[in-house]
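The structure appears right after this line, and notes come after that.
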Amino acid sequence: MAKMMYREAVVSTIAEEMERDERVVMLGEDIVGGMGTAGGPEAIGGIWSTSTGLFGKFGKNRVIDTPISESAIIGAAAGLALAGKRPIAELMFADFIGVSLDQIWNQIAKFRYMFGGKTKCPAVIRMAYGAGYNAAAQHSQSVHQILTGFPGLKVVMPSTPADVKGLLRTAIRDDDPVIFLEHKALYGMSGEVPDGDFTIPFGHARLSRAGEDVTIVSSGLLLGFCEKVADKLAAEGIGCDVIDLRTTSPLDEEAIIDSVEVTGRLVVVDEAPPRCGLAGDICAMVAEKAFASLKAPPLAITPPHTPIPFARELESAYLPSTDKIEAAVRKVLGWR
Amino acid sequence: MQLSREALLRAYRQMKVIREFEERLHVEIQTGEIAGFTHLYSGQEAVAVGVCEHLSVDDKIVSTHRGHGHCLAKGCDVNGMMKEIWGSRDGLCKGKGGSMHIADVELGMLGANGIVGAGAPIAVGAALSAKIDGNGKIAIAFSGDGACNQGTTFEAMNMAVVTEAPCIFIFENNHYSEHTGVDYAVGTAKDIASRAEAFGMPVWRADGTDFFAVYETMREVLEYARTGKGPAAVEFDTERFFGHFEGDPQRYRGKGELDRIREERNCLIKFRASVTSAKLLTDADLDAIDKDVLDSIDAAVEAARAADRPTPQDVLADVYISY
């Protein structure tokens with residue numbers, strides 16, 4: 001085991017995979033940082049420090065610093081993948097899917113299906129998402145509820161450094177296109193990461209806390225909030241299963257159903273807006289498939305149906321908090 | 001440089017295959033047997049063939065919604081394509097793509113594309129792959145005068161220049177983006193090539209209804225692009241013999257326009273006149289190809305009509321490799 005930060009897990013995994021497989025290439029804005037300046041290449045090294053040192057190690061052919069052209073970044077990743085490479089494209093902020101969405105959902109996601117299963121598109125699209133930096137409406141969003149809805153994409157949302165390592169390895173080695181969502185408020189999180197060439201399969205949730213009274217489902221930053229609530233309630237003798245989805249596409253329905261069949265109570269905590277979202281989707285799935293087990297209505301805890309506000313007080317009020325999560329858990333417990 | 005007799009025969013055959021493929025679809029679509037939207041390439045054959053005759057299987061092309069010509073010129077199987085357009089499970093894409101999404105990635109044909117302007121960034125990626133491999137291969141983005149107005153095309157051109165990608169942007173100016181004239185929609189005095197030039201790459205311009213003009217231009221362009229100098233662009237002035245889509249009433253056409261372009265701007269007529277007057281080929285040589293091609297299209301249509309239909313279970317196949 002080695003202790004490393006979430007962001008270090010990202011860059012070390014990319015480096016290892018580029019070392020292992022020469023088809024792996026990386027492209028994105030400022031991933032080298034400083035190109036064409038007096039400071040020279042690697043003056044910055046990526047604003048999230050998720051590509052530090054890669055340019056020096058692998059050179060400009062495999063670490064491609066691009067202009068601010070998100071459609072061209074994702075489109076080029078599509079072309080690289082069709083031509084036999086294994087590109088890792090970085091969108092600096094997940095919010096920028098808006099300017100590159102055609103290449104994501106009409107191109108990369110659909111090639112295999114449209115072309116009759118005769119091709120593959122092994123592209124990874126990494127992006128920093130989520131609130132917590134007071135970056136306001138256009139630099140804070142959680143976009144998984146949009147991307148999870150697109151057939152053809154796999155969507156990954158690691159919540160720990162160890163999961164970054166195991167899931168990113170799987171993503172880069174996967175022959176299908178993968179969206180890899182890195183929560184920007186977790187980049188500085190430290191954690192133990194197993195040694196060796198371990199991978200984590202997609203579609204297998206992780207049980208981060210075990211209990212028999214309530215099932216809490218979450219991912220990313222809010223998973224940690226849910227763990228705090230579970231730990232607090234455990235002191236009162238209330239047991240929570242806390243399920244970290246790890247991937248939202250594929251979704252580990254079985255882990256959720258199995259847990260709800262024991263607890264009979266479900267709270268889904270998600271950072272995306274409420275309408276047509278993951279939380280409601282999971283609640284509906286449980287209502288359909290585990291109705292007989294339910295002792296209370298499934299509850300979805302999400303931000304409100306608003307853009308993400310700027311001021312500290314407003315962003316705090318916007319995000320699901322530990323208080324809101326705890327209240328939801330107590331509400332389903334008190335149903336009957 | 002003089003083309004061999006074999007090369008001339010082959011070029012004519014390729015153009016004729018595309019022409020008859022499209023002319024036949026124009027007839028068959030009216031029977032209602034073919035589903036969906038179909039955009040025909042008739043009139044532009046000299047571009048697809050004049051370009052693709054220079055390419056190997058390892059050179060990549062990305063096409064447009066008007067993609068049948070590019071597919072056939074790059075080597076896609078006529079029968080497989082006809083079956084795909086008919087929606088057969090034996091089609092090139094098992095009936096999942098249809099006219100607008102035919103691809104044969106193994107042949108370097110990275111897909112027709114239903115989104116105008118989506119192809120250019122993909123071609124840049126394929127070109128970057130060739131650059132990484134350092135193998136002298138190139139990628140081509142076929143675009144029209146419609147796609148030349150999309151931001152994706154601009155992004156792609158700039159990124160190709162910045163990354164020195166061996167990407168060739170080919171603009172087939174057929175004077176209509178859907179139902180809107182190039183006079184209205186292209187702001188740079190109807191001139192598309194100057195836009196590419198402004199992004200920092202050399203450009204060529206040629207008559208896209210003259211196979212020999214296309215072929216000779218592409219010889220120069222490819223010589224440039226294959227030697228690591230970065231991207232290039234070409235604007236071919238060409239003609240679209242049918243509407244934007246099949247069923248388009250074409251009320252935007254001028255009086256007598258279609259008859260005129262079919263007579264004066266017809267690459268097959270021009271080719272025949274050129275090679276027979278130079279005594280390189282005879283009318284009999286070309287007539288034999290005409291007959292042979294018509295027979296092959298007949299056979300392809302019959303095969304498509306008789307081919308297996310997809311089953312409801314096929315809906316679920318091939319979304320993912322594993323899930």
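As shown in the structure tokens, the chain order sets the letters A, B, ...; within each chain, residues go from 1, and ligands are also counted from 1 in the order they appear.
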
Using DSSP on the backbone coordinates, identify the residues of segment 116-293 of chain B assigned to alpha helix (DSSP H); present them as a short mmCIF file (atom, residue, chain, number, x, y, z; two decimals) with C-alpha atoms, in the first residue's frame.
```
data_model
loop_
_atom_site.label_atom_id
_atom_site.label_comp_id
_atom_site.auth_asym_id
_atom_site.auth_seq_id
_atom_site.Cartn_x
_atom_site.Cartn_y
_atom_site.Cartn_z
CA GLY B 119 -16.16 14.83 -39.66
CA ALA B 120 -13.30 17.30 -39.75
CA PRO B 121 -12.23 16.90 -36.08
CA ILE B 122 -12.37 13.11 -36.45
CA ALA B 123 -10.11 13.31 -39.49
CA VAL B 124 -7.63 15.38 -37.48
CA GLY B 125 -7.49 12.55 -34.92
CA ALA B 126 -6.91 9.96 -37.61
CA ALA B 127 -4.20 12.20 -39.07
CA LEU B 128 -2.55 12.55 -35.65
CA SER B 129 -2.49 8.76 -35.42
CA ALA B 130 -0.60 8.64 -38.73
CA LYS B 131 1.74 11.37 -37.50
CA ILE B 132 2.48 9.41 -34.32
CA ASP B 133 3.26 6.35 -36.40
CA GLY B 151 -17.33 25.93 -35.95
CA THR B 152 -16.14 22.34 -35.71
CA THR B 153 -14.53 22.72 -39.13
CA PHE B 154 -12.73 25.86 -37.98
CA GLU B 155 -11.55 24.17 -34.77
CA ALA B 156 -10.33 21.20 -36.76
CA MET B 157 -8.40 23.31 -39.26
CA ASN B 158 -6.67 25.29 -36.54
CA MET B 159 -5.85 22.20 -34.51
CA ALA B 160 -4.42 20.47 -37.57
CA VAL B 161 -2.14 23.45 -38.23
CA VAL B 162 -1.08 23.70 -34.58
CA THR B 163 -0.35 19.98 -34.26
CA VAL B 182 -23.45 29.44 -51.42
CA ASP B 183 -23.87 33.08 -52.51
CA TYR B 184 -25.86 33.66 -49.35
CA ALA B 185 -24.27 31.28 -46.86
CA ALA B 193 -10.34 27.82 -49.75
CA SER B 194 -9.36 31.27 -48.54
CA ARG B 195 -10.74 30.36 -45.12
CA ALA B 196 -8.44 27.36 -44.88
CA GLU B 197 -5.57 29.52 -46.06
CA ALA B 198 -6.31 31.96 -43.25
CA PHE B 211 -11.50 13.88 -63.04
CA PHE B 212 -8.10 14.78 -64.41
CA ALA B 213 -8.07 18.17 -62.69
CA VAL B 214 -8.97 16.52 -59.38
CA TYR B 215 -6.48 13.71 -59.82
CA GLU B 216 -3.56 15.97 -60.74
CA THR B 217 -4.36 18.44 -57.98
CA MET B 218 -4.47 15.65 -55.42
CA ARG B 219 -1.11 14.37 -56.58
CA GLU B 220 0.42 17.70 -55.52
CA VAL B 221 -1.62 17.96 -52.33
CA LEU B 222 -0.71 14.46 -51.21
CA GLU B 223 2.95 14.99 -52.00
CA TYR B 224 2.81 17.93 -49.62
CA ALA B 225 0.81 16.23 -46.87
CA GLU B 257 -30.20 24.51 -64.34
CA LEU B 258 -30.41 20.77 -63.86
CA ASP B 259 -30.39 20.05 -67.61
CA ARG B 260 -27.47 22.39 -68.07
CA ILE B 261 -25.27 20.94 -65.33
CA ARG B 262 -26.05 17.38 -66.40
CA GLU B 263 -24.86 18.29 -69.89
CA GLU B 264 -22.02 20.74 -69.29
CA CYS B 267 -17.76 14.28 -65.08
CA LEU B 268 -18.57 11.12 -67.00
CA ILE B 269 -19.22 13.01 -70.27
CA LYS B 270 -16.08 15.06 -69.75
CA PHE B 271 -13.98 11.99 -69.02
CA ARG B 272 -15.26 10.19 -72.10
CA ALA B 273 -14.61 13.17 -74.34
CA SER B 274 -11.15 13.60 -72.92
CA VAL B 275 -9.94 10.01 -73.20
CA THR B 276 -11.52 9.28 -76.58
CA SER B 277 -10.26 12.47 -78.23
CA ASP B 283 -16.11 4.44 -76.80
CA ALA B 284 -16.36 0.67 -76.94
CA ASP B 285 -14.08 0.36 -73.89
CA LEU B 286 -16.30 2.71 -71.94
CA ASP B 287 -19.57 1.26 -73.22
CA ALA B 288 -18.46 -2.14 -72.01
CA ILE B 289 -17.89 -0.72 -68.52
CA ASP B 290 -21.26 1.03 -68.63
CA LYS B 291 -23.03 -2.23 -69.34
CA ASP B 292 -21.06 -4.14 -66.77
CA VAL B 293 -21.75 -1.55 -64.08
#
```

>> Just list as a PyMOL selection string whatever in segment 114-180 of chain B DSSP marks as strand (DSSP E).
In response: chain B and resi 139-144+167-173+176-177+180

Taking N, CA and C atoms for each residue, export the selection above as a short mmCIF file (atom, residue, chain, number, x, y, z; two decimals), in the first residue's frame.
```cif
data_model
loop_
_atom_site.label_atom_id
_atom_site.label_comp_id
_atom_site.auth_asym_id
_atom_site.auth_seq_id
_atom_site.Cartn_x
_atom_site.Cartn_y
_atom_site.Cartn_z
N ALA B 139 -4.96 11.61 -43.46
CA ALA B 139 -6.41 11.47 -43.30
C ALA B 139 -7.09 12.61 -44.05
N ILE B 140 -8.25 12.31 -44.59
CA ILE B 140 -8.98 13.30 -45.38
C ILE B 140 -10.35 13.54 -44.78
N ALA B 141 -10.68 14.83 -44.62
CA ALA B 141 -12.03 15.21 -44.21
C ALA B 141 -12.76 15.73 -45.44
N PHE B 142 -13.77 14.99 -45.89
CA PHE B 142 -14.62 15.51 -46.94
C PHE B 142 -15.68 16.39 -46.29
N SER B 143 -15.79 17.60 -46.76
CA SER B 143 -16.81 18.52 -46.26
C SER B 143 -17.44 19.22 -47.46
N GLY B 144 -18.61 19.79 -47.24
CA GLY B 144 -19.24 20.55 -48.31
C GLY B 144 -19.20 22.04 -48.01
N CYS B 167 -3.47 16.17 -42.34
CA CYS B 167 -4.91 16.11 -42.61
C CYS B 167 -5.21 16.97 -43.82
N ILE B 168 -6.00 16.45 -44.73
CA ILE B 168 -6.38 17.23 -45.91
C ILE B 168 -7.87 17.53 -45.83
N PHE B 169 -8.17 18.81 -45.84
CA PHE B 169 -9.57 19.25 -45.79
C PHE B 169 -10.05 19.47 -47.22
N ILE B 170 -10.97 18.64 -47.65
CA ILE B 170 -11.49 18.77 -49.00
C ILE B 170 -12.89 19.35 -48.94
N PHE B 171 -13.05 20.48 -49.55
CA PHE B 171 -14.36 21.14 -49.58
C PHE B 171 -14.97 20.96 -50.97
N GLU B 172 -16.04 20.19 -51.00
CA GLU B 172 -16.75 20.00 -52.26
C GLU B 172 -17.84 21.05 -52.32
N ASN B 173 -17.58 22.07 -53.07
CA ASN B 173 -18.53 23.17 -53.18
C ASN B 173 -19.53 22.85 -54.30
N TYR B 176 -24.78 24.42 -52.90
CA TYR B 176 -25.98 24.42 -52.06
C TYR B 176 -25.67 23.78 -50.72
N SER B 177 -25.93 24.50 -49.63
CA SER B 177 -25.95 23.83 -48.33
C SER B 177 -27.43 23.58 -48.04
N THR B 180 -29.95 26.20 -49.45
CA THR B 180 -29.50 27.59 -49.40
C THR B 180 -28.26 27.75 -50.26
#
```

Using only C-alpha atoms, find the residues of chain A whose closest atom to chain B is at most 6 Å away, then write them as a PDB file with N, CA and C atoms, in the first residue's frame.
```pdb
ATOM      1  N   ASN A  61       4.352  13.937 -29.368  1.00  0.00           N
ATOM      2  CA  ASN A  61       3.474  13.097 -30.193  1.00  0.00           C
ATOM      3  C   ASN A  61       2.430  12.371 -29.366  1.00  0.00           C
ATOM      4  N   SER A  69     -10.365  24.175 -27.931  1.00  0.00           N
ATOM      5  CA  SER A  69     -11.241  23.742 -29.023  1.00  0.00           C
ATOM      6  C   SER A  69     -11.848  22.403 -28.618  1.00  0.00           C
ATOM      7  N   ALA A  72     -12.937  19.849 -31.194  1.00  0.00           N
ATOM      8  CA  ALA A  72     -11.808  19.248 -31.902  1.00  0.00           C
ATOM      9  C   ALA A  72     -11.038  18.285 -30.998  1.00  0.00           C
ATOM     10  N   GLY A  75     -13.328  15.240 -30.893  1.00  0.00           N
ATOM     11  CA  GLY A  75     -13.354  14.687 -32.250  1.00  0.00           C
ATOM     12  C   GLY A  75     -12.030  14.027 -32.604  1.00  0.00           C
ATOM     13  N   ALA A  76     -10.934  14.669 -32.227  1.00  0.00           N
ATOM     14  CA  ALA A  76      -9.618  14.079 -32.506  1.00  0.00           C
ATOM     15  C   ALA A  76      -9.448  12.780 -31.724  1.00  0.00           C
ATOM     16  N   ALA A  77      -9.964  12.745 -30.507  1.00  0.00           N
ATOM     17  CA  ALA A  77      -9.903  11.492 -29.738  1.00  0.00           C
ATOM     18  C   ALA A  77     -10.682  10.403 -30.469  1.00  0.00           C
ATOM     19  N   ALA A  78     -11.822  10.774 -31.038  1.00  0.00           N
ATOM     20  CA  ALA A  78     -12.618   9.805 -31.805  1.00  0.00           C
ATOM     21  C   ALA A  78     -11.817   9.268 -32.979  1.00  0.00           C
ATOM     22  N   GLY A  79     -11.177  10.170 -33.716  1.00  0.00           N
ATOM     23  CA  GLY A  79     -10.398   9.751 -34.883  1.00  0.00           C
ATOM     24  C   GLY A  79      -9.184   8.921 -34.496  1.00  0.00           C
ATOM     25  N   LEU A  80      -8.529   9.307 -33.407  1.00  0.00           N
ATOM     26  CA  LEU A  80      -7.388   8.521 -32.918  1.00  0.00           C
ATOM     27  C   LEU A  80      -7.833   7.109 -32.564  1.00  0.00           C
ATOM     28  N   ALA A  83      -8.602   5.004 -35.498  1.00  0.00           N
ATOM     29  CA  ALA A  83      -7.379   4.676 -36.226  1.00  0.00           C
ATOM     30  C   ALA A  83      -6.472   3.713 -35.457  1.00  0.00           C
ATOM     31  N   TYR A 113     -22.284   0.942 -32.616  1.00  0.00           N
ATOM     32  CA  TYR A 113     -23.652   0.520 -32.945  1.00  0.00           C
ATOM     33  C   TYR A 113     -23.999   0.868 -34.395  1.00  0.00           C
ATOM     34  N   MET A 114     -23.739   2.132 -34.770  1.00  0.00           N
ATOM     35  CA  MET A 114     -24.084   2.574 -36.126  1.00  0.00           C
ATOM     36  C   MET A 114     -23.344   1.779 -37.185  1.00  0.00           C
ATOM     37  N   PHE A 115     -22.134   1.363 -36.855  1.00  0.00           N
ATOM     38  CA  PHE A 115     -21.324   0.661 -37.840  1.00  0.00           C
ATOM     39  C   PHE A 115     -21.479  -0.858 -37.717  1.00  0.00           C
ATOM     40  N   GLY A 116     -22.552  -1.281 -37.085  1.00  0.00           N
ATOM     41  CA  GLY A 116     -22.884  -2.704 -37.056  1.00  0.00           C
ATOM     42  C   GLY A 116     -21.961  -3.555 -36.210  1.00  0.00           C
ATOM     43  N   GLY A 117     -21.365  -2.958 -35.177  1.00  0.00           N
ATOM     44  CA  GLY A 117     -20.520  -3.742 -34.275  1.00  0.00           C
ATOM     45  C   GLY A 117     -19.186  -4.121 -34.880  1.00  0.00           C
ATOM     46  N   GLY A 152     -24.058   3.568 -25.142  1.00  0.00           N
ATOM     47  CA  GLY A 152     -22.764   3.483 -25.815  1.00  0.00           C
ATOM     48  C   GLY A 152     -21.625   4.000 -24.962  1.00  0.00           C
TER      49      GLY A 152
END
```

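Here atom CA of Asp241 of chain A stands at a distance of 27.3 Å from atom CA of Asp195 of chain A.
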
> Can you tell me how far atom CA of Gly247 of chain B sits from atom CA of Ile34 of chain B, in Å to one decimal?
Replying inline: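 Going from atom CA of Gly247 of chain B over to atom CA of Ile34 of chain B, I get 12.4 Å.
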
>> I'd like to know which of A:Ala234, A:Ile125, A:Val164, A:Ile146 is closest to Pro274 of chain A, using only C-alpha atoms.
In response: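 That would be A:Ile146, the residue with the smallest distance to Pro274 of chain A.
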
> What gap, in Å, lies between atom CA of Ala205 of chain A and atom CA of Leu223 of chain A?
Replying inline: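 It comes out at 12.1 Å.
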
Shell of 10 Å around Ile256 of chain A, only C-alpha atoms, local chain residues under 3 positions omitted, as a PDB file with C-alpha atoms, in the first residue's frame:
```
ATOM      1  CA  ALA A 205     -20.437  -1.028  -6.521  1.00  0.00           C
ATOM      2  CA  LEU A 207     -19.946  -1.207   0.118  1.00  0.00           C
ATOM      3  CA  THR A 215     -29.433   1.839   2.326  1.00  0.00           C
ATOM      4  CA  ILE A 216     -27.636   5.012   1.239  1.00  0.00           C
ATOM      5  CA  VAL A 217     -26.474   5.161  -2.389  1.00  0.00           C
ATOM      6  CA  ASP A 241     -25.319   0.333   4.112  1.00  0.00           C
ATOM      7  CA  VAL A 242     -23.416   3.004   2.202  1.00  0.00           C
ATOM      8  CA  ILE A 243     -23.064   1.988  -1.422  1.00  0.00           C
ATOM      9  CA  ASP A 244     -20.505   3.755  -3.612  1.00  0.00           C
ATOM     10  CA  LEU A 245     -21.731   3.248  -7.163  1.00  0.00           C
ATOM     11  CA  LEU A 251     -25.148   0.511 -12.879  1.00  0.00           C
ATOM     12  CA  ASP A 252     -24.839  -2.180 -10.214  1.00  0.00           C
ATOM     13  CA  GLU A 253     -28.577  -2.644  -9.717  1.00  0.00           C
ATOM     14  CA  SER A 259     -29.226  -4.098   0.193  1.00  0.00           C
ATOM     15  CA  VAL A 260     -32.766  -2.702   0.058  1.00  0.00           C
ATOM     16  CA  GLU A 261     -34.155  -6.211   0.424  1.00  0.00           C
ATOM     17  CA  LEU A 266     -33.441   3.786   0.500  1.00  0.00           C
ATOM     18  CA  ILE A 282     -32.493   4.587  -8.906  1.00  0.00           C
ATOM     19  CA  MET A 285     -35.760   1.126 -10.258  1.00  0.00           C
ATOM     20  CA  VAL A 286     -36.027   0.093  -6.597  1.00  0.00           C
ATOM     21  CA  ALA A 290     -38.013  -4.299  -4.715  1.00  0.00           C
TER      22      ALA A 290
END
```

> Got a sec: who's within 8 Å of Pro320 of chain A, counting only C-alpha atoms, leaving out chain neighbours fewer than 4 positions off, as a PyMOL selection string?
Replying inline: chain A and resi 222+269-271+301-303+324-325

Selection from above, N, CA and C atoms, as a PDB file, in the first residue's frame, can you write it?
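The result, stored in result-v8.pdb:
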```
ATOM      1  N   LEU A 222     -19.982  13.362  -2.527  1.00  0.00           N
ATOM      2  CA  LEU A 222     -21.048  13.187  -1.535  1.00  0.00           C
ATOM      3  C   LEU A 222     -20.984  11.829  -0.836  1.00  0.00           C
ATOM      4  N   VAL A 269     -28.268   9.807  -2.713  1.00  0.00           N
ATOM      5  CA  VAL A 269     -27.701  11.151  -2.570  1.00  0.00           C
ATOM      6  C   VAL A 269     -26.854  11.443  -3.801  1.00  0.00           C
ATOM      7  N   ASP A 270     -27.245  12.481  -4.529  1.00  0.00           N
ATOM      8  CA  ASP A 270     -26.565  12.743  -5.804  1.00  0.00           C
ATOM      9  C   ASP A 270     -26.361  14.234  -6.005  1.00  0.00           C
ATOM     10  N   GLU A 271     -25.246  14.572  -6.676  1.00  0.00           N
ATOM     11  CA  GLU A 271     -24.884  15.981  -6.837  1.00  0.00           C
ATOM     12  C   GLU A 271     -25.510  16.622  -8.074  1.00  0.00           C
ATOM     13  N   ILE A 301     -32.027  12.686  -2.519  1.00  0.00           N
ATOM     14  CA  ILE A 301     -31.488  13.940  -1.982  1.00  0.00           C
ATOM     15  C   ILE A 301     -30.535  14.516  -3.026  1.00  0.00           C
ATOM     16  N   THR A 302     -30.914  15.628  -3.598  1.00  0.00           N
ATOM     17  CA  THR A 302     -30.127  16.269  -4.657  1.00  0.00           C
ATOM     18  C   THR A 302     -30.139  17.769  -4.422  1.00  0.00           C
ATOM     19  N   PRO A 303     -29.338  18.498  -5.169  1.00  0.00           N
ATOM     20  CA  PRO A 303     -29.497  19.952  -5.157  1.00  0.00           C
ATOM     21  C   PRO A 303     -30.868  20.309  -5.737  1.00  0.00           C
ATOM     22  N   LYS A 324     -28.722  17.488   5.700  1.00  0.00           N
ATOM     23  CA  LYS A 324     -29.845  17.084   4.839  1.00  0.00           C
ATOM     24  C   LYS A 324     -29.880  15.565   4.670  1.00  0.00           C
ATOM     25  N   ILE A 325     -28.694  14.976   4.531  1.00  0.00           N
ATOM     26  CA  ILE A 325     -28.638  13.523   4.342  1.00  0.00           C
ATOM     27  C   ILE A 325     -29.129  12.822   5.618  1.00  0.00           C
TER      28      ILE A 325
END
```

>> Show me, as a ChimeraX atom specification, the residues that have an atom within 10 Å of segment 250-253 of chain B when counting only C-alpha atoms, minus same-chain residues fewer than 5 positions from it.
In response: /B:176,178-181,242-245,258

>> So, with only C-alpha atoms as the atoms that count, which of A:Ile238, A:Ala292, A:Ala185, A:Ala109 lies closest to Gly130 of chain A?
In response: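 Ranked by minimum distance to Gly130 of chain A, first place goes to A:Ala185.
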
>> With only C-alpha atoms as the counted atoms, please give the residues lying no more than 10 Å from Glu302 of chain B, apart from itself and same-chain residues fewer than 5 positions off, as a PyMOL selection string.
In response: chain B and resi 79+82-83+296-297+307

Could you please take those selected residues and save C-alpha atoms as a PDB file, in the first residue's frame?
```pdb
ATOM      1  CA  ASN B  79     -23.602  -5.184 -52.416  1.00  0.00           C
ATOM      2  CA  MET B  82     -26.969  -1.557 -51.156  1.00  0.00           C
ATOM      3  CA  LYS B  83     -28.073  -4.023 -48.483  1.00  0.00           C
ATOM      4  CA  SER B 296     -23.751  -5.096 -61.193  1.00  0.00           C
ATOM      5  CA  ILE B 297     -26.143  -2.471 -59.825  1.00  0.00           C
ATOM      6  CA  ALA B 307     -31.453 -10.190 -48.219  1.00  0.00           C
TER       7      ALA B 307
END
```
